[in-house]
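A.B. asks: Got a structure for you, written out below as structure tokens; questions coming shortly.
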Amino acid sequence: MTTASNAVRSGTVLPVQAARGAMWAFVIVNVVIVEALFISAGEGKNGVLTVAKFFGLHAALLMLFQLLLVARLPWLDRRIGMDRLTVWHRWVGFTLLWTILTHATLVVLGYATLDDTSMAKTFVALSGVPASLLGMLAAALVVVIGVISTRGLRRRLQYEVWHGLHLLLYVALGLAFVHQLQETTTFTSSAFATAYWWILWLFAFGSLLTGRLVMPLWRNSYHRFTVAAVVPESDNVVSVYVTGRHLDKLPARAGQFCIWRFPGHHHWWLANPFSLSAAPDGRGLRLTAKAAGSTSAGLRNVPVGSRAYVEGPYGAFTSLHRSRPGALLIAGGVGITPVRAMLEDQTTGDFVVLYRVRSEADAVLLDEVRHLVALRGGRLHLLTGRTGENAVPPFDPANLHRLVPDITDRDVYVCGPPAMTTAVLGGLRQLRVPAGQVHAERFGLA
């Protein structure tokens with residue numbers, strides 16, 4: 001367990017800024033190298049094929065960057081957050097889709113021009129060339145993944161179905177790697193080019209395998225997570241206590257979340273992201289979930305003593321990013337769970353909690369929150385009522401300023417339903433709270 005720190009950073013680069021700077025430096029350096037390789041390799045058989053090669057090289061670079069964005073590398077995840085990395089993964093993915101389609105179209109057009117024949121005949125002829133066929137298959141899989149990832153179709157698919165189809169991306173990456181390996185003009189144009197592409201592919205695939213497979217398997221083998229207790233908090237809320245070996249060595253912080261699997265309760269491929277609802281103490285972990293789906297609704301039936309499989313911890317919603325002496329913690333509904341854990345991090349009374357629920361009866365862990373706030377000398381505002389019932393919305397800029405007059409001088413942490421989070425962030429922008437002081441995280445699996 002990482003020792004929690006409530007220290008305020010000042011006069012230094014914030015962790016998220018350092019991580020973003022490192023990512024941009026990585027991208028810029030590799031783009032420059034790829035441009036140099038493109039120039040040094042010389043022109044293609046005609047102008048169209050030269051441009052096609054340009055797009056192909058950049059498609060390969062985009063693929064590798066895609067892998068790094070979803071590799072769940074701890075250094076990036078704890079500074080940027082899985083939600084932002086997932087959003088970037090999505091937009092890079094659509095950029096990759098159009099880059100690949102442009103590359104493929106120009107290749108067919110270039111050879112059709114070279115052979116003075118139709119694009120249809122050229123396409124059929126290229127499909128008989130192993131290197132080209134592999135590229136076509138990779139492109140087809142990327143197109144399929146791009147189509148099912150559009151918002152309209154994505155919402156109609158169950159997450160498990162979408163995720164299973166999305167895994168075809170790794171097949172596409174493997175095909176693209178072999179395709180590039182057989183295209184000697186891009187992979188073996190020089191000794192430096194060969195070394196560069198091998199190192200980059202091995203680094204990307206190695207990062208993915210380490211973050212998504214090796215590290216979770218090792219942690220579960222080492223810690224042997226076990227369900228210690230299942231405690232109903234209300235009719236539709238339950239807390240699950242998990243223990244294990246050497247939990248003092250688990251690098252978890254208050255505010256983070258894990259991806260949980262309970263094979264004794266559901267199939268192994270069914271997983272849910274739940275925040276730690278108590279600060280890690282080196283002896284156990286706790287999640288608190290509200291019945292929202294089949295997995296979370298049935299958690300109260302998880303057998304005590306059964307094994308739990310835990311991935312993580314993940315997330316940048318922690319005190320690592322504190323830059324101001326004061327803090328404002330805003331939670332909605334079950335979004336109180338990471339906030340409740342973070343309250344155990346607070347060593348001063350200079351913090352305010354805004355807890356938005358429909359009624360006091362719906363306030364999860366309210367007694368614990370009240371106790372921690374009182375113990376540390378903070379302030380708690382319980383904002384009840386249905387949206388639209390009050391003349392002034394609870395997160396209207398004027399109301400936020402009334403509740404917390406010095407809001408622009410505080411770090412603001414926001415966790416709740418998407419609509420509430422959007423409303424809060426909009427209010428904070430209108431109040432001109434500096435973006436570097438605003439910390440919000442939405443769960444997203446990729």
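Within each chain, counting starts at residue 1; across the structure tokens, chains are named A, B, ... in the order shown, with ligands numbered 1 upward in that order.
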Quick one: residues within 6 Å of Tyr413 in chain A, only C-alpha atoms, excluding same-chain residues fewer than 6 positions away - as a PDB file with N, CA and C atoms, in the first residue's frame?
C.D. replies:
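Now in result.pdb:
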ATOM      1  N   LEU A 329     -14.877  18.503  -2.357  1.00  0.00           N
ATOM      2  CA  LEU A 329     -15.177  17.156  -2.831  1.00  0.00           C
ATOM      3  C   LEU A 329     -16.662  17.094  -3.157  1.00  0.00           C
ATOM      4  N   ILE A 330     -16.994  16.867  -4.431  1.00  0.00           N
ATOM      5  CA  ILE A 330     -18.387  16.843  -4.889  1.00  0.00           C
ATOM      6  C   ILE A 330     -18.732  15.429  -5.342  1.00  0.00           C
ATOM      7  N   HIS A 439     -10.533  18.019 -10.823  1.00  0.00           N
ATOM      8  CA  HIS A 439     -10.206  16.601 -10.988  1.00  0.00           C
ATOM      9  C   HIS A 439     -11.512  15.810 -11.048  1.00  0.00           C
ATOM     10  N   ALA A 440     -11.804  15.229 -12.199  1.00  0.00           N
ATOM     11  CA  ALA A 440     -13.003  14.425 -12.376  1.00  0.00           C
ATOM     12  C   ALA A 440     -12.622  13.169 -13.134  1.00  0.00           C
TER      13      ALA A 440
END
A.B. asks: When you count only C-alpha atoms, which of these residues is closest to Val227 in chain A: A:Gly135, A:Gly255, A:Gly284, A:Gly146?
C.D. replies: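 Residue with the minimum atom-to-atom distance to Val227 in chain A: A:Gly284.
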A.B. asks: Could you name the residues that touch Leu14 in chain A at 12 Å or less, counting only C-alpha atoms, but leaving out those on the same chain fewer than 6 positions away, as a compact mmCIF listing (two decimals) with C-alpha atoms, in the first residue's frame?
C.D. replies:
# COMPACT_ATOMS: atom_id res chain seq x y z
CA VAL A 8 0.06 20.42 -1.44
CA ARG A 20 1.10 14.78 -20.74
CA GLY A 21 4.44 16.41 -21.50
CA ARG A 79 -1.32 10.78 -13.49
CA ILE A 80 -3.77 11.03 -16.37
CA SER A 319 -4.58 13.45 -3.49
CA LEU A 320 -1.47 13.05 -5.66
CA HIS A 321 -2.83 15.98 -7.69
CA ARG A 322 -3.46 18.41 -4.83
CA SER A 323 -2.12 21.87 -5.61
CA ARG A 324 -4.12 24.08 -3.22
CA GLY A 436 -5.51 22.34 -13.23
CA GLN A 437 -7.47 22.43 -9.97
A.B. asks: Let me make sure I understand: among A:Trp260, A:Tyr314, A:Trp91, A:Phe351, which one has the smallest atom-to-atom distance to Ala289 in chain A if we use only C-alpha atoms?
C.D. replies: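 Nearest to Ala289 in chain A: A:Trp260.
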A.B. asks: May I have the residues within 8 Å of range 44-51 of chain A as a VMD selection string, using only C-alpha atoms and disregarding those fewer than 3 positions away in the same chain?
C.D. replies: chain A and resid 54 to 55 106 to 107 109 to 111 114
A.B. asks: Compile the contact shell of range 187-193 of chain A as a PyMOL selection string: residues with an atom at most 12 Å away, counting only C-alpha atoms, same-chain residues fewer than 3 positions apart removed.
C.D. replies: chain A and resi 30+33-43+53+56-57+60+177-184+196-201
A.B. asks: Would you list the contacts of Leu134 in chain A as a list in words, taking every protein, DNA or RNA residue within 7 Å and counting only C-alpha atoms, but skipping same-chain residues closer than 4 positions in sequence?
C.D. replies: Pro130, Ala138, Leu175, Ala176 and His179 of chain A
A.B. asks: For the selection you just gave me, I'd like the residues written to a file as a short mmCIF file (atom, residue, chain, number, x, y, z; two decimals), in the first residue's frame, keeping C-alpha atoms.
C.D. replies:
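Now in part.cif:
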data_model
loop_
_atom_site.label_atom_id
_atom_site.label_comp_id
_atom_site.auth_asym_id
_atom_site.auth_seq_id
_atom_site.Cartn_x
_atom_site.Cartn_y
_atom_site.Cartn_z
CA PRO A 130 0.57 -12.41 -49.22
CA ALA A 138 -5.96 -5.97 -40.98
CA LEU A 175 -1.62 -8.91 -39.17
CA ALA A 176 -0.44 -5.33 -39.64
CA HIS A 179 2.30 -6.93 -43.29
#
A.B. asks: List the spatial neighbours of Glu233 in chain A as a ChimeraX atom specification - criterion: any atom at most 8 Å away, only C-alpha atoms, same-chain residues fewer than 5 positions off excluded.
C.D. replies: /A:238-239,364-365
A.B. asks: Just give me the gap between CA of Leu382 in chain A and CA of Glu441 in chain A in Å, one decimal is fine.
C.D. replies: 21.2 Å
A.B. asks: Go ahead and compute the interatomic distance for CA of Pro232 in chain A and CA of Ser275 in chain A, in Å to one decimal.
C.D. replies: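 For CA of Pro232 in chain A relative to CA of Ser275 in chain A, the distance reads 16.7 Å.
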A.B. asks: What's the separation between CA of Ala435 in chain A and CA of Leu366 in chain A, in Å to one decimal place?
C.D. replies: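 Calculated distance between CA of Ala435 in chain A and CA of Leu366 in chain A is 29.2 Å.
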